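Next up, start27.csv (CSV, C-alpha atoms):
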```csv
chain,number,residue,atom,x,y,z
A,1,MET,CA,31.5,63.0,-98.8
A,2,ASN,CA,32.1,60.1,-101.3
A,3,THR,CA,30.4,56.7,-100.9
A,4,LEU,CA,33.5,54.9,-99.5
A,5,THR,CA,34.0,57.5,-96.8
A,6,HIS,CA,30.4,57.6,-95.9
A,7,LEU,CA,30.2,53.8,-95.5
A,8,PHE,CA,33.6,53.0,-94.1
A,9,GLY,CA,35.0,56.2,-92.7
A,10,ILE,CA,38.8,56.3,-92.8
A,11,SER,CA,39.1,52.5,-93.5
A,12,PRO,CA,40.3,51.7,-97.0
A,13,ASP,CA,37.7,49.0,-97.7
A,14,TRP,CA,34.8,47.0,-96.3
A,15,LEU,CA,37.0,44.3,-94.7
A,16,SER,CA,39.3,46.8,-92.9
A,17,HIS,CA,36.2,48.6,-91.6
A,18,THR,CA,34.6,45.4,-90.5
A,19,LEU,CA,37.7,44.2,-88.6
A,20,SER,CA,38.3,47.6,-87.0
A,21,HIS,CA,34.7,47.7,-85.7
A,22,ALA,CA,34.4,44.0,-84.8
A,23,ALA,CA,33.2,44.8,-81.2
A,24,SER,CA,31.0,47.8,-82.2
A,25,ALA,CA,27.3,48.0,-82.6
A,26,LEU,CA,27.2,50.2,-85.7
A,27,PRO,CA,24.1,52.1,-86.7
A,28,GLU,CA,22.7,51.6,-90.2
A,29,THR,CA,24.2,53.9,-92.8
A,30,THR,CA,23.0,54.3,-96.4
A,31,SER,CA,24.6,55.8,-99.5
A,32,LYS,CA,24.1,55.9,-103.2
A,33,LEU,CA,26.5,55.2,-106.0
A,34,ALA,CA,26.9,57.5,-109.0
A,35,ASP,CA,24.8,55.1,-111.1
A,36,GLY,CA,21.9,55.1,-108.6
A,37,THR,CA,22.7,51.8,-106.8
A,38,HIS,CA,21.6,52.1,-103.2
A,39,VAL,CA,24.0,50.7,-100.6
A,40,ALA,CA,23.0,50.2,-97.0
A,41,ARG,CA,25.4,49.1,-94.3
A,42,ILE,CA,22.8,47.3,-92.1
A,43,ALA,CA,25.3,46.5,-89.4
A,44,ASN,CA,29.0,45.7,-89.2
A,45,GLY,CA,29.9,43.3,-91.9
A,46,VAL,CA,26.5,43.4,-93.6
A,47,LEU,CA,25.8,45.2,-96.8
A,48,TRP,CA,22.4,45.4,-98.6
A,49,LEU,CA,22.7,46.6,-102.2
A,50,THR,CA,19.8,47.5,-104.5
A,51,PRO,CA,20.3,48.5,-108.2
A,52,PRO,CA,18.2,51.3,-109.7
A,53,ALA,CA,14.6,50.2,-110.3
A,54,GLU,CA,14.9,50.9,-114.0
A,55,ARG,CA,17.9,48.6,-114.5
A,56,ASP,CA,17.3,45.2,-116.1
A,57,ASN,CA,17.7,42.1,-113.8
A,58,PRO,CA,17.8,39.5,-116.6
A,59,ASN,CA,18.0,36.5,-114.3
A,60,ARG,CA,15.1,37.7,-112.2
A,61,GLU,CA,17.1,36.9,-109.1
A,62,ALA,CA,18.2,38.1,-105.7
A,63,LEU,CA,21.4,36.9,-104.1
A,64,ILE,CA,22.7,36.3,-100.6
A,65,VAL,CA,26.5,35.7,-100.3
A,66,SER,CA,28.1,35.1,-97.0
A,67,ALA,CA,31.6,34.3,-95.8
A,68,GLY,CA,33.4,34.4,-92.4
A,69,VAL,CA,30.8,32.5,-90.4
A,70,HIS,CA,34.0,30.7,-89.3
A,71,GLY,CA,36.4,33.6,-88.6
A,72,ASN,CA,39.6,31.8,-89.8
A,73,GLU,CA,38.3,30.9,-93.2
A,74,THR,CA,39.7,34.1,-94.8
A,75,ALA,CA,40.0,33.5,-98.6
A,76,PRO,CA,36.3,33.9,-99.3
A,77,ILE,CA,36.2,37.0,-97.1
A,78,GLU,CA,39.0,38.5,-99.2
A,79,VAL,CA,37.1,37.5,-102.4
A,80,LEU,CA,33.9,39.3,-101.3
A,81,ASN,CA,35.9,42.3,-100.2
A,82,GLY,CA,37.5,42.6,-103.6
A,83,LEU,CA,34.1,42.4,-105.3
A,84,VAL,CA,32.7,45.1,-103.1
A,85,SER,CA,35.7,47.4,-103.8
A,86,GLU,CA,35.2,46.9,-107.6
A,87,LEU,CA,31.5,47.7,-107.3
A,88,LEU,CA,31.9,50.8,-105.2
A,89,ALA,CA,34.6,52.0,-107.6
A,90,GLY,CA,32.1,51.8,-110.5
A,91,GLU,CA,34.0,49.1,-112.4
A,92,TRP,CA,30.8,47.3,-113.2
A,93,PRO,CA,27.1,47.8,-112.6
A,94,LEU,CA,25.0,45.7,-110.2
A,95,ALA,CA,22.0,44.0,-111.8
A,96,CYS,CA,20.3,42.2,-108.9
A,97,PRO,CA,19.5,42.9,-105.3
A,98,LEU,CA,22.4,41.6,-103.2
A,99,LEU,CA,22.9,40.9,-99.5
A,100,LEU,CA,26.6,40.4,-98.5
A,101,ILE,CA,27.5,39.1,-95.1
A,102,LEU,CA,30.8,38.7,-93.2
A,103,GLY,CA,29.4,36.4,-90.5
A,104,ASN,CA,31.7,36.5,-87.4
A,105,PRO,CA,33.9,39.6,-87.2
A,106,PRO,CA,35.2,39.0,-83.7
A,107,ALA,CA,36.4,35.6,-84.7
A,108,MET,CA,37.9,37.1,-87.9
A,109,VAL,CA,39.9,39.5,-85.7
A,110,ALA,CA,41.1,36.7,-83.5
A,111,GLY,CA,42.0,34.4,-86.4
A,112,GLN,CA,39.9,31.6,-84.9
A,113,ARG,CA,37.1,29.4,-86.2
A,114,PHE,CA,34.8,30.8,-83.4
A,115,LEU,CA,35.1,32.3,-80.0
A,116,ASP,CA,32.5,30.7,-77.7
A,117,VAL,CA,30.5,28.3,-79.9
A,118,ASN,CA,30.6,27.1,-83.5
A,119,MET,CA,28.4,29.8,-85.2
A,120,ASN,CA,27.5,27.5,-88.1
A,121,ARG,CA,25.6,25.2,-85.7
A,122,LEU,CA,23.4,28.1,-84.5
A,123,PHE,CA,21.0,28.7,-87.3
A,124,ASN,CA,17.5,27.3,-87.9
A,125,GLY,CA,16.6,28.6,-84.5
A,126,ALA,CA,19.4,26.7,-82.6
A,127,HIS,CA,20.6,30.1,-81.3
A,128,GLY,CA,17.6,30.1,-79.0
A,129,LYS,CA,18.7,27.1,-77.0
A,130,PRO,CA,19.2,28.0,-73.3
A,131,GLU,CA,22.9,27.1,-73.3
A,132,TYR,CA,23.5,29.5,-76.3
A,133,ALA,CA,21.0,32.3,-75.9
A,134,ASP,CA,23.3,34.8,-74.2
A,135,LEU,CA,26.4,34.2,-76.3
A,136,PRO,CA,27.4,36.9,-78.8
A,137,GLU,CA,27.7,34.4,-81.6
A,138,ALA,CA,24.1,33.2,-81.0
A,139,LYS,CA,22.9,36.8,-81.0
A,140,ARG,CA,24.7,37.4,-84.3
A,141,ALA,CA,23.2,34.2,-85.8
A,142,ARG,CA,19.7,35.4,-84.8
A,143,PHE,CA,20.3,38.8,-86.3
A,144,LEU,CA,21.6,37.4,-89.6
A,145,GLU,CA,18.5,35.2,-89.8
A,146,GLU,CA,16.4,38.4,-89.3
A,147,VAL,CA,18.2,40.3,-92.0
A,148,CYS,CA,18.0,37.4,-94.5
A,149,ARG,CA,14.3,37.0,-93.8
A,150,ALA,CA,13.7,40.7,-94.4
A,151,PHE,CA,15.8,40.6,-97.6
A,152,ALA,CA,13.8,37.6,-98.9
A,153,ASP,CA,10.5,39.3,-98.0
A,154,GLU,CA,11.5,42.4,-99.8
A,155,HIS,CA,12.3,40.5,-103.0
A,156,SER,CA,9.7,37.7,-102.8
A,157,ASP,CA,9.0,38.1,-106.5
A,158,LEU,CA,12.6,37.1,-107.4
A,159,ALA,CA,14.4,33.7,-107.4
A,160,LEU,CA,16.5,33.7,-104.3
A,161,SER,CA,19.9,32.0,-104.1
A,162,HIS,CA,22.3,31.8,-101.1
A,163,TYR,CA,26.0,30.8,-101.3
A,164,ASP,CA,27.7,30.5,-97.9
A,165,LEU,CA,31.5,30.4,-98.7
A,166,HIS,CA,34.0,28.5,-96.6
A,167,THR,CA,37.4,26.9,-96.6
A,168,ALA,CA,38.1,23.6,-94.9
A,169,ILE,CA,40.3,23.0,-91.8
A,170,ARG,CA,41.9,20.0,-93.5
A,171,PRO,CA,43.1,19.0,-97.0
A,172,SER,CA,40.5,17.5,-99.4
A,173,LYS,CA,40.8,15.1,-102.3
A,174,GLN,CA,38.0,17.2,-103.8
A,175,GLU,CA,39.5,20.6,-103.3
A,176,ARG,CA,36.3,22.5,-104.0
A,177,PHE,CA,32.9,21.1,-103.2
A,178,ALA,CA,29.5,22.2,-102.3
A,179,LEU,CA,26.9,20.9,-99.9
A,180,TYR,CA,23.2,21.1,-100.9
A,181,PRO,CA,20.9,21.4,-97.9
A,182,PHE,CA,18.1,18.9,-97.5
A,183,VAL,CA,14.6,20.1,-98.3
A,184,PRO,CA,12.0,17.3,-98.9
A,185,GLY,CA,11.0,16.8,-102.5
A,186,ARG,CA,13.5,19.0,-104.3
A,187,SER,CA,16.5,18.4,-106.5
A,188,VAL,CA,19.4,20.5,-107.7
A,189,PRO,CA,18.5,22.8,-110.7
A,190,ARG,CA,20.7,22.3,-113.7
A,191,GLY,CA,21.5,26.0,-113.7
A,192,GLN,CA,22.9,25.8,-110.2
A,193,CYS,CA,25.1,22.8,-111.3
A,194,ALA,CA,26.4,24.9,-114.2
A,195,PHE,CA,27.2,27.8,-111.8
A,196,LEU,CA,29.1,25.5,-109.5
A,197,LEU,CA,31.2,24.2,-112.4
A,198,GLU,CA,31.8,27.8,-113.5
A,199,ALA,CA,33.1,28.5,-110.0
A,200,ASP,CA,35.6,25.5,-110.4
A,201,VAL,CA,33.5,23.5,-107.9
A,202,GLU,CA,33.7,19.9,-109.1
A,203,ALA,CA,31.7,17.9,-106.5
A,204,LEU,CA,28.3,18.2,-104.9
A,205,LEU,CA,27.3,16.6,-101.6
A,206,LEU,CA,23.5,16.1,-101.1
A,207,GLN,CA,22.6,16.5,-97.5
A,208,HIS,CA,20.3,13.9,-95.9
A,209,LYS,CA,18.4,16.0,-93.3
A,210,THR,CA,17.7,19.5,-92.2
A,211,SER,CA,20.5,21.0,-90.1
A,212,THR,CA,21.5,24.1,-88.1
A,213,VAL,CA,24.0,25.5,-90.6
A,214,PHE,CA,23.4,28.9,-92.3
A,215,SER,CA,22.6,27.5,-95.8
A,216,SER,CA,20.1,25.0,-94.3
A,217,PHE,CA,18.2,27.9,-92.7
A,218,SER,CA,17.9,29.9,-95.9
A,219,ALA,CA,16.9,26.7,-97.9
A,220,SER,CA,14.3,25.4,-95.4
A,221,GLN,CA,12.9,28.7,-94.1
A,222,LEU,CA,13.3,31.2,-97.0
A,223,GLY,CA,12.9,28.8,-100.0
A,224,ALA,CA,16.4,29.7,-101.3
A,225,GLU,CA,18.5,27.6,-103.6
A,226,SER,CA,21.3,27.5,-101.0
A,227,PHE,CA,24.7,25.9,-100.9
A,228,THR,CA,27.6,25.7,-98.5
A,229,VAL,CA,30.6,26.0,-100.7
A,230,GLU,CA,34.0,24.8,-99.6
A,231,LEU,CA,36.8,26.4,-101.6
A,232,GLY,CA,40.1,25.2,-100.4
A,233,LYS,CA,42.2,25.3,-97.2
A,234,VAL,CA,42.1,27.6,-94.2
A,235,ARG,CA,44.9,30.2,-94.2
A,236,PRO,CA,45.4,33.5,-92.3
A,237,PHE,CA,44.6,36.9,-93.8
A,238,GLY,CA,47.2,37.9,-96.4
A,239,GLN,CA,48.5,34.3,-97.0
A,240,ASN,CA,45.9,33.3,-99.6
A,241,ASP,CA,46.8,32.8,-103.2
A,242,LEU,CA,43.7,34.5,-104.5
A,243,GLN,CA,44.4,33.3,-108.1
A,244,ARG,CA,43.3,29.9,-106.8
A,245,PHE,CA,39.9,31.5,-106.2
A,246,ASN,CA,39.4,33.1,-109.6
A,247,GLY,CA,36.6,30.7,-110.4
A,248,ILE,CA,34.3,31.8,-107.6
A,249,GLN,CA,35.3,35.4,-108.0
A,250,GLN,CA,34.5,35.6,-111.7
A,251,ALA,CA,31.4,33.5,-111.3
A,252,LEU,CA,30.0,35.7,-108.6
A,253,GLN,CA,30.9,38.9,-110.4
A,254,ARG,CA,29.1,37.6,-113.5
A,255,ARG,CA,26.0,36.8,-111.5
A,256,PHE,CA,26.1,40.2,-109.8
A,257,ARG,CA,26.3,41.9,-113.2
A,258,GLY,CA,23.5,39.8,-114.7
A,259,ALA,CA,25.7,38.7,-117.5
A,260,PRO,CA,24.8,35.5,-119.4
A,261,ALA,CA,26.3,32.3,-118.2
A,262,PRO,CA,29.2,30.9,-120.2
A,263,GLN,CA,29.4,27.3,-121.3
A,264,PRO,CA,30.9,25.3,-118.5
A,265,GLN,CA,34.6,24.4,-119.0
A,266,ASN,CA,33.8,20.8,-118.1
A,267,PRO,CA,30.2,20.5,-119.2
A,268,GLU,CA,29.7,16.7,-119.1
A,269,GLN,CA,29.5,16.1,-115.3
A,270,LEU,CA,29.6,17.2,-111.7
A,271,THR,CA,30.4,14.4,-109.2
A,272,VAL,CA,27.5,13.9,-106.8
A,273,PHE,CA,27.8,12.4,-103.4
A,274,GLU,CA,25.1,11.4,-100.9
A,275,VAL,CA,25.4,11.1,-97.2
A,276,VAL,CA,25.0,7.5,-96.0
A,277,HIS,CA,25.8,7.9,-92.3
A,278,GLU,CA,26.3,10.8,-89.9
A,279,VAL,CA,28.9,10.1,-87.2
A,280,LEU,CA,27.9,11.7,-83.8
A,281,ASN,CA,29.9,11.9,-80.6
A,282,THR,CA,27.9,9.5,-78.4
A,283,GLY,CA,29.7,10.2,-75.2
A,284,PRO,CA,32.6,9.0,-73.0
A,285,GLY,CA,33.0,5.6,-74.6
A,286,PHE,CA,33.0,7.0,-78.2
A,287,ARG,CA,36.0,5.9,-80.3
A,288,PHE,CA,36.6,7.4,-83.7
A,289,HIS,CA,38.9,5.3,-85.9
A,290,VAL,CA,39.7,8.0,-88.5
A,291,PRO,CA,43.1,9.6,-88.1
A,292,ASP,CA,43.2,13.3,-87.3
A,293,ASP,CA,45.2,14.2,-90.5
A,294,VAL,CA,43.0,12.3,-93.0
A,295,SER,CA,41.8,14.3,-96.1
A,296,ASN,CA,38.2,14.9,-96.8
A,297,PHE,CA,36.7,12.3,-99.2
A,298,THR,CA,39.3,9.7,-98.2
A,299,LEU,CA,37.8,6.3,-99.2
A,300,TYR,CA,37.4,3.4,-96.8
A,301,PRO,CA,36.8,-0.2,-98.1
A,302,PRO,CA,33.7,-2.3,-97.2
A,303,GLY,CA,33.8,-3.6,-93.6
A,304,THR,CA,36.0,-0.9,-92.2
A,305,VAL,CA,35.0,0.1,-88.6
A,306,ILE,CA,34.6,3.9,-88.5
A,307,TRP,CA,33.5,4.3,-84.9
A,308,GLU,CA,32.3,2.4,-81.9
A,309,ASP,CA,31.2,3.1,-78.3
A,310,GLY,CA,30.8,-0.3,-76.6
A,311,GLU,CA,27.1,-0.6,-77.6
A,312,ASN,CA,27.1,0.5,-81.2
A,313,CYS,CA,29.5,0.2,-84.1
A,314,TYR,CA,29.5,1.6,-87.7
A,315,ARG,CA,31.1,-0.4,-90.5
A,316,VAL,CA,31.4,0.7,-94.1
A,317,GLY,CA,28.7,-1.0,-96.2
A,318,ALA,CA,29.0,-3.1,-99.4
A,319,GLU,CA,30.6,-0.2,-101.4
A,320,PRO,CA,33.5,2.1,-100.4
A,321,GLU,CA,32.6,5.2,-98.5
A,322,GLY,CA,34.4,8.5,-98.0
A,323,ILE,CA,34.8,10.6,-94.9
A,324,VAL,CA,34.0,14.3,-95.0
A,325,PHE,CA,34.5,16.9,-92.2
A,326,PRO,CA,36.2,14.4,-89.7
A,327,ASN,CA,36.7,16.2,-86.4
A,328,ARG,CA,36.8,14.2,-83.1
A,329,GLU,CA,37.1,17.4,-81.1
A,330,VAL,CA,33.4,18.2,-80.9
A,331,PRO,CA,31.0,18.2,-77.9
A,332,VAL,CA,28.8,15.1,-77.1
A,333,GLY,CA,25.9,15.0,-79.5
A,334,GLN,CA,27.6,17.0,-82.3
A,335,ARG,CA,28.7,15.8,-85.7
A,336,VAL,CA,32.1,14.1,-85.9
A,337,GLY,CA,32.0,13.5,-89.6
A,338,LEU,CA,29.9,12.4,-92.6
A,339,MET,CA,30.2,9.1,-94.5
A,340,VAL,CA,29.4,9.7,-98.1
A,341,ARG,CA,29.2,7.6,-101.3
A,342,ALA,CA,29.5,8.7,-104.9
A,343,GLN,CA,26.0,8.6,-106.4
A,344,THR,CA,26.1,9.5,-110.0
A,345,LYS,CA,27.3,12.1,-112.5
A,346,ARG,CA,25.1,15.1,-113.0
A,347,GLN,CA,25.0,16.9,-116.3
A,348,ALA,CA,25.5,20.7,-116.0
A,349,GLY,CA,24.1,23.2,-118.5
```
What is this file in structure tokens?
Amino acid sequence: MNTLTHLFGISPDWLSHTLSHAASALPETTSKLADGTHVARIANGVLWLTPPAERDNPNREALIVSAGVHGNETAPIEVLNGLVSELLAGEWPLACPLLLILGNPPAMVAGQRFLDVNMNRLFNGAHGKPEYADLPEAKRARFLEEVCRAFADEHSDLALSHYDLHTAIRPSKQERFALYPFVPGRSVPRGQCAFLLEADVEALLLQHKTSTVFSSFSASQLGAESFTVELGKVRPFGQNDLQRFNGIQQALQRRFRGAPAPQPQNPEQLTVFEVVHEVLNTGPGFRFHVPDDVSNFTLYPPGTVIWEDGENCYRVGAEPEGIVFPNREVPVGQRVGLMVRAQTKRQAG
């Protein structure tokens, strides 16, 4: 039995297998490639890959790459699936330990962002809240935390990075941007900035507090250099122009192979933004004055009222501020959007 059949049965690839078993509790299955790379299907949509012990890992790193935490954000899922197919076909050797995750298979099948609750608000222990504890997406978030923790423990001697890949539900004036989770006292390594530019990511948003998204979990609890990476616009499976994702595909493949980093195409700067205000739904009187069709990073001039609720009001400060992730259709207490300001230009290299 060849590796593909052993791991995915009659399915032609990892994605097809994941979708066809979205409601299944699959047992762990292991296999080995012809070059000695060990491949374990830990659960549906989760692959743990380990190169042969004698193979050089020049970057001394282990990588976690996830996609599909929101089920309708399909392009990064297709990118990861293509990379897995190349690896299993022996087109290039794996140099570093690698954990690949398709986060929410049932939502992927349904073509929806989530089924019961936004899964990317269930990490850092939020899955244990009483209102979520019995929901399948909360159980999946808890399981993914456990797998990531086991992977980090297994490779504690290596530098750990986590890239959680997404596409946005609305257009963006910065088509590709990354969010860097808040961890007190740290700054973005220059090598990570260079990787983002290599992946055609042109803007970086520095988070201002620990949150319950997947990348914040791996940053704060596993010590990973973690990023949420937004790569374009939401589209259904089969409707993505994957040539628009060549940057992230090639950058990830290069990291997987342990090849040296190229010189960035735009070496002089990465636009860096910082969060200056988090908009929260404060309840029945809450009014959000940003249109539903506005693009991410749309700028508002000083003095513009962004939201009010009868008791409180937020106005843009002395400098223009942009809106990111505006979404008024969230429960009370959850984030409606982020107000951001361009901070500086960061040299990559």
> If we count only C-alpha atoms, what is near Leu115 in chain A at a cut-off of 8 Å, once residues fewer than 4 positions away on the same chain are taken out, given as number ranges by chain?
Replying inline: A: 106-107, 137
> Taking into account all atoms listed in the file, which residue in the set A:Tyr180, A:Phe297, A:Phe151, A:Phe245 is nearest to Ala342 in chain A?
Replying inline: A:Phe297
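You can rank A:Leu144, A:Ala150, A:Val188, A:Val109 by their closest distance to Ser16 in chain A using only C-alpha atoms, and at the top of that list sits A:Val109.
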> Hey, which of A:Ala261, A:Leu299, A:Leu15, A:Ala138 ends up closest to Val79 in chain A? Count all atoms listed in the file.
Replying inline: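 Checking each of A:Ala261, A:Leu299, A:Leu15, A:Ala138 against Val79 in chain A, counting all atoms listed in the file, the winner is A:Leu15.
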> Quick one, how far is CA of Glu311 in chain A from CA of Ile323 in chain A?
Replying inline: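 Taking CA of Glu311 in chain A and CA of Ile323 in chain A, their separation equals 22.0 Å.
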Report as CSV the residues of range 73-135 of chain A within 8 Å of range 47-54 of chain A, each with its shortest atom pair and distance in Å (one decimal), using all atoms listed in the file, ordered by chain and increasing residue number.
```
residue,atom,partner,partner_atom,distance
A:Leu94,CA,A:Pro51,CA,5.8
A:Ala95,CA,A:Pro51,CA,6.0
A:Cys96,CA,A:Pro51,CA,6.3
A:Pro97,CA,A:Thr50,CA,4.7
A:Leu98,CA,A:Leu49,CA,5.1
A:Leu99,CA,A:Trp48,CA,4.6
A:Leu100,CA,A:Leu47,CA,5.2
A:Ile101,CA,A:Leu47,CA,6.6
```
>> Give me, as a ChimeraX atom specification, all polymer residues having an atom no more than 12 Å from Val324 in chain A, counting all atoms listed in the file and skipping those fewer than 6 positions away in the same chain.
In response: /A:168-175,177-179,205,207,230,273-279,290,294-300,335-341
How would the residues just picked look written out with C-alpha atoms as a JSON list (two decimals), in the coordinates of the input?
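Output (out.json):
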```
[["chain", "number", "residue", "atom", "x", "y", "z"],
["A", 168, "ALA", "CA", 38.10, 23.60, -94.90],
["A", 169, "ILE", "CA", 40.30, 23.00, -91.80],
["A", 170, "ARG", "CA", 41.90, 20.00, -93.50],
["A", 171, "PRO", "CA", 43.10, 19.00, -97.00],
["A", 172, "SER", "CA", 40.50, 17.50, -99.40],
["A", 173, "LYS", "CA", 40.80, 15.10, -102.30],
["A", 174, "GLN", "CA", 38.00, 17.20, -103.80],
["A", 175, "GLU", "CA", 39.50, 20.60, -103.30],
["A", 177, "PHE", "CA", 32.90, 21.10, -103.20],
["A", 178, "ALA", "CA", 29.50, 22.20, -102.30],
["A", 179, "LEU", "CA", 26.90, 20.90, -99.90],
["A", 205, "LEU", "CA", 27.30, 16.60, -101.60],
["A", 207, "GLN", "CA", 22.60, 16.50, -97.50],
["A", 230, "GLU", "CA", 34.00, 24.80, -99.60],
["A", 273, "PHE", "CA", 27.80, 12.40, -103.40],
["A", 274, "GLU", "CA", 25.10, 11.40, -100.90],
["A", 275, "VAL", "CA", 25.40, 11.10, -97.20],
["A", 276, "VAL", "CA", 25.00, 7.50, -96.00],
["A", 277, "HIS", "CA", 25.80, 7.90, -92.30],
["A", 278, "GLU", "CA", 26.30, 10.80, -89.90],
["A", 279, "VAL", "CA", 28.90, 10.10, -87.20],
["A", 290, "VAL", "CA", 39.70, 8.00, -88.50],
["A", 294, "VAL", "CA", 43.00, 12.30, -93.00],
["A", 295, "SER", "CA", 41.80, 14.30, -96.10],
["A", 296, "ASN", "CA", 38.20, 14.90, -96.80],
["A", 297, "PHE", "CA", 36.70, 12.30, -99.20],
["A", 298, "THR", "CA", 39.30, 9.70, -98.20],
["A", 299, "LEU", "CA", 37.80, 6.30, -99.20],
["A", 300, "TYR", "CA", 37.40, 3.40, -96.80],
["A", 335, "ARG", "CA", 28.70, 15.80, -85.70],
["A", 336, "VAL", "CA", 32.10, 14.10, -85.90],
["A", 337, "GLY", "CA", 32.00, 13.50, -89.60],
["A", 338, "LEU", "CA", 29.90, 12.40, -92.60],
["A", 339, "MET", "CA", 30.20, 9.10, -94.50],
["A", 340, "VAL", "CA", 29.40, 9.70, -98.10],
["A", 341, "ARG", "CA", 29.20, 7.60, -101.30]]
```
>> One number please: CA of Val65 in chain A to CA of Leu165 in chain A, in Å, one decimal.
In response: 7.5 Å
>> Please determine, counting all atoms listed in the file, which residue among A:Ala34, A:Leu83, A:Val183, A:Val69 has the shortest atom-to-atom distance to Phe114 in chain A.
In response: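 Answer, going by the shortest atom-to-atom distance: A:Val69.
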Could I see range 227-240 of chain A restored to N, CA, C and O atoms, set down as an mmCIF file, in the frame of the given file?
```cif
data_model
loop_
_atom_site.group_PDB
_atom_site.id
_atom_site.type_symbol
_atom_site.label_atom_id
_atom_site.label_comp_id
_atom_site.auth_asym_id
_atom_site.auth_seq_id
_atom_site.Cartn_x
_atom_site.Cartn_y
_atom_site.Cartn_z
ATOM 1 N N PHE A 227 23.598 26.824 -100.904
ATOM 2 C CA PHE A 227 24.700 25.900 -100.900
ATOM 3 C C PHE A 227 25.763 26.380 -99.895
ATOM 4 O O PHE A 227 26.024 27.583 -99.782
ATOM 5 N N THR A 228 26.343 25.442 -99.152
ATOM 6 C CA THR A 228 27.600 25.700 -98.500
ATOM 7 C C THR A 228 28.698 25.324 -99.428
ATOM 8 O O THR A 228 28.726 24.197 -99.940
ATOM 9 N N VAL A 229 29.596 26.258 -99.710
ATOM 10 C CA VAL A 229 30.600 26.000 -100.700
ATOM 11 C C VAL A 229 31.991 26.051 -100.087
ATOM 12 O O VAL A 229 32.408 27.053 -99.503
ATOM 13 N N GLU A 230 32.678 24.924 -100.170
ATOM 14 C CA GLU A 230 34.000 24.800 -99.600
ATOM 15 C C GLU A 230 35.031 25.003 -100.751
ATOM 16 O O GLU A 230 34.987 24.325 -101.776
ATOM 17 N N LEU A 231 35.959 25.943 -100.547
ATOM 18 C CA LEU A 231 36.800 26.400 -101.600
ATOM 19 C C LEU A 231 38.265 26.198 -101.487
ATOM 20 O O LEU A 231 39.066 26.747 -102.248
ATOM 21 N N GLY A 232 38.680 25.398 -100.532
ATOM 22 C CA GLY A 232 40.100 25.200 -100.400
ATOM 23 C C GLY A 232 40.469 25.021 -98.903
ATOM 24 O O GLY A 232 39.670 24.557 -98.081
ATOM 25 N N LYS A 233 41.643 25.484 -98.545
ATOM 26 C CA LYS A 233 42.200 25.300 -97.200
ATOM 27 C C LYS A 233 42.260 26.557 -96.417
ATOM 28 O O LYS A 233 42.484 27.632 -96.951
ATOM 29 N N VAL A 234 42.038 26.435 -95.119
ATOM 30 C CA VAL A 234 42.100 27.600 -94.200
ATOM 31 C C VAL A 234 43.541 28.137 -94.186
ATOM 32 O O VAL A 234 44.522 27.407 -94.060
ATOM 33 N N ARG A 235 43.622 29.471 -94.326
ATOM 34 C CA ARG A 235 44.900 30.200 -94.200
ATOM 35 C C ARG A 235 44.615 31.557 -93.579
ATOM 36 O O ARG A 235 43.520 32.096 -93.743
ATOM 37 N N PRO A 236 45.598 32.165 -92.897
ATOM 38 C CA PRO A 236 45.400 33.500 -92.300
ATOM 39 C C PRO A 236 45.233 34.573 -93.372
ATOM 40 O O PRO A 236 45.619 34.395 -94.531
ATOM 41 N N PHE A 237 44.686 35.715 -92.958
ATOM 42 C CA PHE A 237 44.600 36.900 -93.800
ATOM 43 C C PHE A 237 45.969 37.179 -94.433
ATOM 44 O O PHE A 237 46.983 37.150 -93.736
ATOM 45 N N GLY A 238 45.987 37.491 -95.711
ATOM 46 C CA GLY A 238 47.200 37.900 -96.400
ATOM 47 C C GLY A 238 48.050 36.721 -96.873
ATOM 48 O O GLY A 238 49.045 36.945 -97.573
ATOM 49 N N GLN A 239 47.682 35.485 -96.546
ATOM 50 C CA GLN A 239 48.500 34.300 -97.000
ATOM 51 C C GLN A 239 47.736 33.466 -98.005
ATOM 52 O O GLN A 239 48.161 32.350 -98.309
ATOM 53 N N ASN A 240 46.643 33.991 -98.555
ATOM 54 C CA ASN A 240 45.900 33.300 -99.600
ATOM 55 C C ASN A 240 46.400 33.610 -100.962
ATOM 56 O O ASN A 240 46.658 34.776 -101.258
#
```
